[in-house]
>>> print(open('input_27.txt').read())   # compact mmCIF, C-alpha atoms
# COMPACT_ATOMS: atom_id res chain seq x y z
CA MET A 1 0.00 0.00 0.00
CA PHE A 2 1.26 3.48 -0.82
CA VAL A 3 1.08 6.50 1.40
CA LEU A 4 0.42 9.35 -0.03
CA GLY A 5 -18.50 13.74 -26.14
CA VAL A 6 -15.90 11.80 -28.09
CA THR A 7 -13.28 13.32 -30.32
CA ALA A 8 -10.37 11.08 -31.15
CA THR A 9 -6.78 12.20 -30.85
CA MET A 10 -4.53 10.96 -33.61
CA THR A 11 -1.43 9.63 -31.93
CA LYS A 12 1.26 7.13 -32.69
CA GLU A 13 0.97 3.64 -31.37
CA LEU A 14 2.32 2.65 -27.99
CA ASP A 15 6.10 2.22 -28.01
CA TYR A 16 6.88 -1.31 -26.85
CA GLU A 17 9.45 0.04 -24.38
CA TYR A 18 6.58 1.73 -22.51
CA GLU A 19 3.57 -0.08 -21.15
CA TYR A 20 1.32 2.96 -20.99
CA THR A 21 0.44 6.29 -22.60
CA PRO A 22 -0.66 9.44 -20.77
CA SER A 23 -4.23 8.41 -21.73
CA HIS A 24 -3.97 5.23 -19.65
CA ILE A 25 -3.07 7.23 -16.56
CA ALA A 26 -5.63 9.96 -17.27
CA ASN A 27 -8.44 7.44 -17.62
CA PHE A 28 -7.72 5.96 -14.21
CA PHE A 29 -8.70 9.32 -12.73
CA LEU A 30 -11.43 10.22 -15.23
CA LYS A 31 -13.27 6.96 -14.43
CA LYS A 32 -13.83 8.17 -10.86
CA ASN A 33 -17.56 8.80 -10.42
CA SER A 34 -17.38 12.08 -8.56
CA HIS A 35 -14.24 13.62 -10.01
CA ASN A 36 -14.01 17.37 -10.53
CA ILE A 37 -11.14 17.23 -12.99
CA ASP A 38 -10.57 19.88 -15.63
CA ASN A 39 -7.79 19.87 -18.23
CA LEU A 40 -5.18 21.60 -16.08
CA LYS A 41 -5.95 19.44 -13.06
CA LEU A 42 -5.73 16.30 -15.18
CA ASN A 43 -2.27 17.31 -16.41
CA LYS A 44 -1.11 18.03 -12.86
CA ILE A 45 -2.39 14.73 -11.47
CA VAL A 46 -0.88 12.70 -14.32
CA TYR A 47 2.43 14.56 -13.81
CA ILE A 48 2.38 13.93 -10.05
CA SER A 49 1.61 10.25 -10.74
CA LEU A 50 4.62 10.09 -13.06
CA GLY A 51 6.79 11.59 -10.32
CA PHE A 52 5.72 9.10 -7.67
CA SER A 53 5.98 6.20 -10.13
CA LEU A 54 9.54 7.17 -11.02
CA ALA A 55 10.45 7.56 -7.34
CA ILE A 56 8.66 4.55 -5.84
CA LEU A 57 8.31 1.98 -8.64
CA ASP A 58 11.34 3.14 -10.65
CA LYS A 59 8.95 3.07 -13.62
CA ASP A 60 8.60 5.68 -16.35
CA LEU A 61 4.90 5.54 -17.17
CA PHE A 62 4.96 6.87 -20.72
CA GLN A 63 7.24 7.91 -23.53
CA GLU A 64 5.83 11.39 -23.99
CA LYS A 65 7.81 14.27 -22.60
CA VAL A 66 6.43 16.63 -19.96
CA GLU A 67 6.75 20.32 -20.77
CA ALA A 68 7.04 23.38 -18.50
CA TRP A 69 4.17 25.70 -19.42
CA LYS A 70 3.01 28.89 -17.71
CA TYR A 71 0.50 27.11 -15.45
CA GLY A 72 2.74 24.17 -14.66
CA PRO A 73 3.80 20.81 -16.06
CA VAL A 74 1.81 19.71 -19.11
CA ILE A 75 1.62 16.52 -21.11
CA PRO A 76 0.96 18.00 -24.58
CA SER A 77 -1.21 15.18 -25.95
CA LEU A 78 -3.57 15.37 -22.96
CA TYR A 79 -3.73 19.15 -23.03
CA HIS A 80 -4.57 19.24 -26.74
CA GLU A 81 -7.12 16.44 -26.50
CA PHE A 82 -9.10 18.28 -23.83
CA LYS A 83 -8.38 21.96 -24.55
CA CYS A 84 -11.88 22.48 -25.97
CA TYR A 85 -13.19 22.04 -22.40
CA THR A 86 -11.26 25.14 -21.25
CA ASP A 87 -11.76 25.13 -17.46
CA GLN A 88 -14.84 22.89 -17.43
CA VAL A 89 -14.98 19.48 -15.73
CA LEU A 90 -14.09 16.74 -18.22
CA ASP A 91 -17.03 14.48 -19.03
CA ARG A 92 -15.40 11.77 -21.12
CA LEU A 93 -12.43 9.43 -21.13
CA SER A 94 -9.24 9.98 -23.09
CA CYS A 95 -9.14 8.10 -26.38
CA PHE A 96 -7.16 7.81 -29.57
CA TYR A 97 -7.42 6.20 -32.95
CA SER A 98 -5.28 3.08 -33.31
CA TYR A 99 -3.94 2.72 -36.82
CA MET A 100 -2.76 -0.81 -36.04
CA GLN A 101 -6.20 -1.93 -34.86
CA GLY A 102 -8.18 0.35 -37.15
CA SER A 103 -10.40 1.54 -34.32
CA LEU A 104 -10.91 4.02 -31.52
CA ARG A 105 -9.17 2.98 -28.30
CA ILE A 106 -9.97 3.96 -24.74
CA PRO A 107 -6.86 2.80 -22.88
CA GLN A 108 -7.13 1.42 -19.36
CA ILE A 109 -4.69 0.04 -16.83
CA GLU A 110 -5.31 -3.64 -16.26
CA GLU A 111 -3.59 -6.11 -13.97
CA ASP A 112 -0.97 -3.76 -12.57
CA ARG A 113 -1.82 -3.71 -8.88
CA ASP A 114 1.27 -1.71 -7.84
CA LEU A 115 0.49 1.07 -10.29
CA GLN A 116 -3.23 1.05 -9.44
CA GLU A 117 -2.41 1.37 -5.73
CA LEU A 118 0.01 4.20 -6.43
CA LEU A 119 -2.56 6.05 -8.58
CA GLU A 120 -5.21 5.56 -5.91
CA ALA A 121 -2.84 7.06 -3.32
CA VAL A 122 -2.17 10.03 -5.61
CA TYR A 123 -5.90 10.56 -6.10
CA THR A 124 -6.56 10.32 -2.36
CA LYS A 125 -3.93 12.96 -1.60
CA TYR A 126 -4.24 15.29 -4.62
CA GLY A 127 -7.63 14.55 -6.20
CA LYS A 128 -9.54 16.64 -3.67
CA LEU A 129 -7.39 19.73 -4.34
CA LYS A 130 -8.64 22.48 -6.61
CA THR A 131 -6.76 23.16 -9.84
CA SER A 132 -5.43 26.41 -8.37
CA GLU A 133 -4.06 24.52 -5.35
CA LEU A 134 -2.33 21.99 -7.61
CA ILE A 135 -0.74 24.86 -9.53
CA VAL A 136 0.73 26.09 -6.23
CA VAL A 137 2.00 22.56 -5.44
CA THR A 138 3.75 22.18 -8.81
CA HIS A 139 5.08 25.77 -8.86
CA LYS A 140 6.91 25.67 -5.53
CA LYS A 141 10.51 26.78 -5.54
CA GLY A 142 12.79 23.80 -6.20
CA THR A 143 10.23 21.76 -8.15
CA PRO A 144 11.25 20.37 -11.54
CA TRP A 145 8.76 22.78 -13.17
CA ALA A 146 10.19 25.81 -11.33
CA ASP A 147 13.73 24.83 -12.34
CA ALA A 148 12.79 24.30 -16.01
CA TYR A 149 10.25 27.05 -16.71
CA LYS A 150 11.35 30.17 -18.56
CA LYS A 151 8.83 32.95 -19.12
CA ASN A 152 7.79 33.42 -22.78
CA SER A 153 9.55 30.18 -23.81
CA PHE A 154 7.78 27.20 -25.32
CA GLY A 155 8.50 23.50 -25.62
CA ILE A 156 10.79 23.35 -22.58
CA VAL A 157 11.04 19.71 -21.52
CA ILE A 158 11.13 18.84 -17.83
CA ASN A 159 13.87 16.26 -17.37
CA LYS A 160 12.39 13.00 -16.04
CA GLU A 161 15.51 12.30 -13.96
CA LYS A 162 14.93 15.61 -12.17
CA ILE A 163 11.30 14.65 -11.64
CA LYS A 164 12.43 11.35 -10.13
CA GLU A 165 14.98 13.04 -7.85
CA TYR A 166 12.42 15.60 -6.65
CA TYR A 167 9.80 12.99 -5.79
CA LYS A 168 12.36 10.79 -4.04
CA LYS A 169 13.25 13.79 -1.84
CA LEU A 170 9.57 14.53 -1.29
CA ILE A 171 8.96 10.94 -0.12
CA SER A 172 11.97 11.01 2.19
CA ASN A 173 10.57 14.13 3.90
CA ILE A 174 7.18 12.54 4.63
>>> encode(input="input_27.txt", output="structure tokens")
Amino acid sequence: MFVLGVTATMTKELDYEYEYTPSHIANFFLKKNSHNIDNLKLNKIVYISLGFSLAILDKDLFQEKVEAWKYGPVIPSLYHEFKCYTDQVLDRLSCFYSYMQGSLRIPQIEEDRDLQELLEAVYTKYGKLKTSELIVVTHKKGTPWADAYKKNSFGIVINKEKIKEYYKKLISNI
């Protein structure tokens, strides 16, 4: 146990080196019955999940890079998939069109108890926070976002090793 309407996105197929995409992680949270998750909150929670997974499970959840945007860490594919919702609560799961299968896919995490427990712990601790509170959490001095972000710059990647180091320190201080 750990402490702590459909529009398809065109995306490339899952890289065999990675078990999941950001959509897998997002859908774990979006399947919650009483979630109040908007696009920014979804990006923050998926980012925080990545951090704890790197630190606790030593597992990089997805191939996609995390970028340092004005309002915090963003996974570009998730942001763009849900940007039409602006600041409204998301009312559908993340999906993409699979060229290999020739169909729409709604990815889900199956049979990975360690990851499911970790994501549940993240949701318990961070899911109740407002988007504005999560922005404060991810913007603190010394966070990977704060170290990477440069005003008026775009496409700045947050180094996953720095994310891992930060979350390892965070865990050691609990």
>>> atom_distance(input="input_27.txt", atom1="atom CA of A:Lys150", atom2="atom CA of A:Ser53")
26.0 Å
>>> residues_around(input="input_27.txt", residues="A:Ile135", least_positions_apart="5", cutoff="9 Å", atoms="all atoms listed in the file", output="list of chain:residue names")
A:Leu40, A:Lys41, A:Lys44, A:Tyr71, A:Gly72, A:Pro73, A:Lys130, A:Lys140
>>> write_last_selection(input="input_27.txt", atoms="C-alpha atoms", output="PDB file, keeping the file's coordinate frame")
ATOM      1  CA  LEU A  40      -5.180  21.600 -16.080  1.00  0.00           C
ATOM      2  CA  LYS A  41      -5.950  19.440 -13.060  1.00  0.00           C
ATOM      3  CA  LYS A  44      -1.110  18.030 -12.860  1.00  0.00           C
ATOM      4  CA  TYR A  71       0.500  27.110 -15.450  1.00  0.00           C
ATOM      5  CA  GLY A  72       2.740  24.170 -14.660  1.00  0.00           C
ATOM      6  CA  PRO A  73       3.800  20.810 -16.060  1.00  0.00           C
ATOM      7  CA  LYS A 130      -8.640  22.480  -6.610  1.00  0.00           C
ATOM      8  CA  LYS A 140       6.910  25.670  -5.530  1.00  0.00           C
TER       9      LYS A 140
END
>>> closest_residue(input="input_27.txt", among="A:Ser49, A:Ser98, A:Asn43, A:Ser23", to="A:Trp69", atoms="all atoms listed in the file")
A:Asn43
>>> residues_around(input="input_27.txt", residues="A:Arg105", least_positions_apart="5", cutoff="8 Å", atoms="all atoms listed in the file", output="VMD selection string")
chain A and resid 95 to 98
>>> residues_around(input="input_27.txt", residues="A:Ile163", least_positions_apart="5", cutoff="9 Å", atoms="all atoms listed in the file", output="ChimeraX atom specification")
/A:50-52,54-55,143-145,158,168
>>> closest_residue(input="input_27.txt", among="A:Val74, A:Leu30, A:Ile48, A:Val66", to="A:Lys160", atoms="all atoms listed in the file")
A:Val66
>>> closest_residue(input="input_27.txt", among="A:Lys65, A:Lys83, A:Lys141, A:Lys32", to="A:Val157", atoms="only C-alpha atoms")
A:Lys65
>>> atom_distance(input="input_27.txt", atom1="atom CA of A:Ile109", atom2="atom CA of A:Ile25")
7.4 Å
>>> closest_residue(input="input_27.txt", among="A:Thr86, A:Ser34, A:Thr138, A:Ser103", to="A:Val46", atoms="all atoms listed in the file")
A:Thr138
>>> atom_distance(input="input_27.txt", atom1="atom CA of A:Phe29", atom2="atom CA of A:Tyr149")
26.3 Å
>>> closest_residue(input="input_27.txt", among="A:Lys162, A:Lys125, A:His35, A:Lys59", to="A:Val89", atoms="only C-alpha atoms")
A:His35
>>> decode(input="input_27.txt", residues="stretch 136-169 of chain A", atoms="N, CA and C atoms", output="compact mmCIF listing (two decimals), in the first residue's frame")
# COMPACT_ATOMS: atom_id res chain seq x y z
N VAL A 136 -0.18 25.67 -7.31
CA VAL A 136 0.73 26.09 -6.23
C VAL A 136 1.69 24.95 -5.88
N VAL A 137 1.17 23.74 -5.77
CA VAL A 137 2.00 22.56 -5.44
C VAL A 137 3.11 22.37 -6.48
N THR A 138 2.76 22.45 -7.75
CA THR A 138 3.75 22.18 -8.81
C THR A 138 4.66 23.38 -9.09
N HIS A 139 4.29 24.57 -8.61
CA HIS A 139 5.08 25.77 -8.86
C HIS A 139 6.04 26.13 -7.72
N LYS A 140 6.03 25.36 -6.65
CA LYS A 140 6.91 25.67 -5.53
C LYS A 140 8.36 25.78 -5.96
N LYS A 141 9.09 26.64 -5.28
CA LYS A 141 10.51 26.78 -5.54
C LYS A 141 11.19 25.42 -5.34
N GLY A 142 12.06 25.07 -6.28
CA GLY A 142 12.79 23.80 -6.20
C GLY A 142 12.11 22.64 -6.90
N THR A 143 10.89 22.85 -7.41
CA THR A 143 10.23 21.76 -8.15
C THR A 143 10.85 21.66 -9.54
N PRO A 144 10.71 20.51 -10.18
CA PRO A 144 11.25 20.37 -11.54
C PRO A 144 10.66 21.42 -12.50
N TRP A 145 9.36 21.75 -12.33
CA TRP A 145 8.76 22.78 -13.17
C TRP A 145 9.44 24.13 -12.93
N ALA A 146 9.59 24.50 -11.66
CA ALA A 146 10.19 25.81 -11.33
C ALA A 146 11.62 25.92 -11.86
N ASP A 147 12.35 24.82 -11.84
CA ASP A 147 13.73 24.83 -12.34
C ASP A 147 13.78 24.90 -13.87
N ALA A 148 12.77 24.36 -14.54
CA ALA A 148 12.79 24.30 -16.01
C ALA A 148 12.12 25.50 -16.68
N TYR A 149 11.08 26.04 -16.05
CA TYR A 149 10.25 27.05 -16.71
C TYR A 149 11.00 28.35 -16.97
N LYS A 150 10.82 28.87 -18.17
CA LYS A 150 11.35 30.17 -18.56
C LYS A 150 10.21 30.95 -19.20
N LYS A 151 9.93 32.12 -18.64
CA LYS A 151 8.83 32.95 -19.12
C LYS A 151 8.98 33.21 -20.62
N ASN A 152 7.86 33.16 -21.33
CA ASN A 152 7.79 33.42 -22.78
C ASN A 152 8.58 32.41 -23.61
N SER A 153 8.88 31.25 -23.05
CA SER A 153 9.55 30.18 -23.81
C SER A 153 8.57 29.02 -23.94
N PHE A 154 8.71 28.30 -25.05
CA PHE A 154 7.78 27.20 -25.32
C PHE A 154 8.54 25.92 -25.62
N GLY A 155 7.91 24.79 -25.31
CA GLY A 155 8.50 23.50 -25.62
C GLY A 155 9.64 23.10 -24.70
N ILE A 156 9.72 23.70 -23.53
CA ILE A 156 10.79 23.35 -22.58
C ILE A 156 10.43 22.02 -21.91
N VAL A 157 11.27 21.04 -22.08
CA VAL A 157 11.04 19.71 -21.52
C VAL A 157 11.54 19.66 -20.09
N ILE A 158 10.72 19.08 -19.21
CA ILE A 158 11.13 18.84 -17.83
C ILE A 158 11.83 17.49 -17.79
N ASN A 159 13.06 17.47 -17.40
CA ASN A 159 13.87 16.26 -17.37
C ASN A 159 13.27 15.24 -16.40
N LYS A 160 13.03 14.02 -16.88
CA LYS A 160 12.39 13.00 -16.04
C LYS A 160 13.30 12.55 -14.90
N GLU A 161 14.60 12.63 -15.08
CA GLU A 161 15.51 12.30 -13.96
C GLU A 161 15.36 13.31 -12.83
N LYS A 162 15.16 14.58 -13.19
CA LYS A 162 14.93 15.61 -12.17
C LYS A 162 13.59 15.41 -11.47
N ILE A 163 12.60 14.97 -12.24
CA ILE A 163 11.30 14.65 -11.64
C ILE A 163 11.47 13.52 -10.63
N LYS A 164 12.19 12.49 -11.01
CA LYS A 164 12.43 11.35 -10.13
C LYS A 164 13.15 11.78 -8.85
N GLU A 165 14.22 12.56 -9.01
CA GLU A 165 14.98 13.04 -7.85
C GLU A 165 14.10 13.85 -6.90
N TYR A 166 13.29 14.75 -7.47
CA TYR A 166 12.42 15.60 -6.65
C TYR A 166 11.44 14.76 -5.85
N TYR A 167 10.80 13.79 -6.50
CA TYR A 167 9.80 12.99 -5.79
C TYR A 167 10.44 12.03 -4.80
N LYS A 168 11.65 11.60 -5.04
CA LYS A 168 12.36 10.79 -4.04
C LYS A 168 12.62 11.62 -2.79
N LYS A 169 13.04 12.89 -2.99
CA LYS A 169 13.25 13.79 -1.84
C LYS A 169 11.93 14.06 -1.12
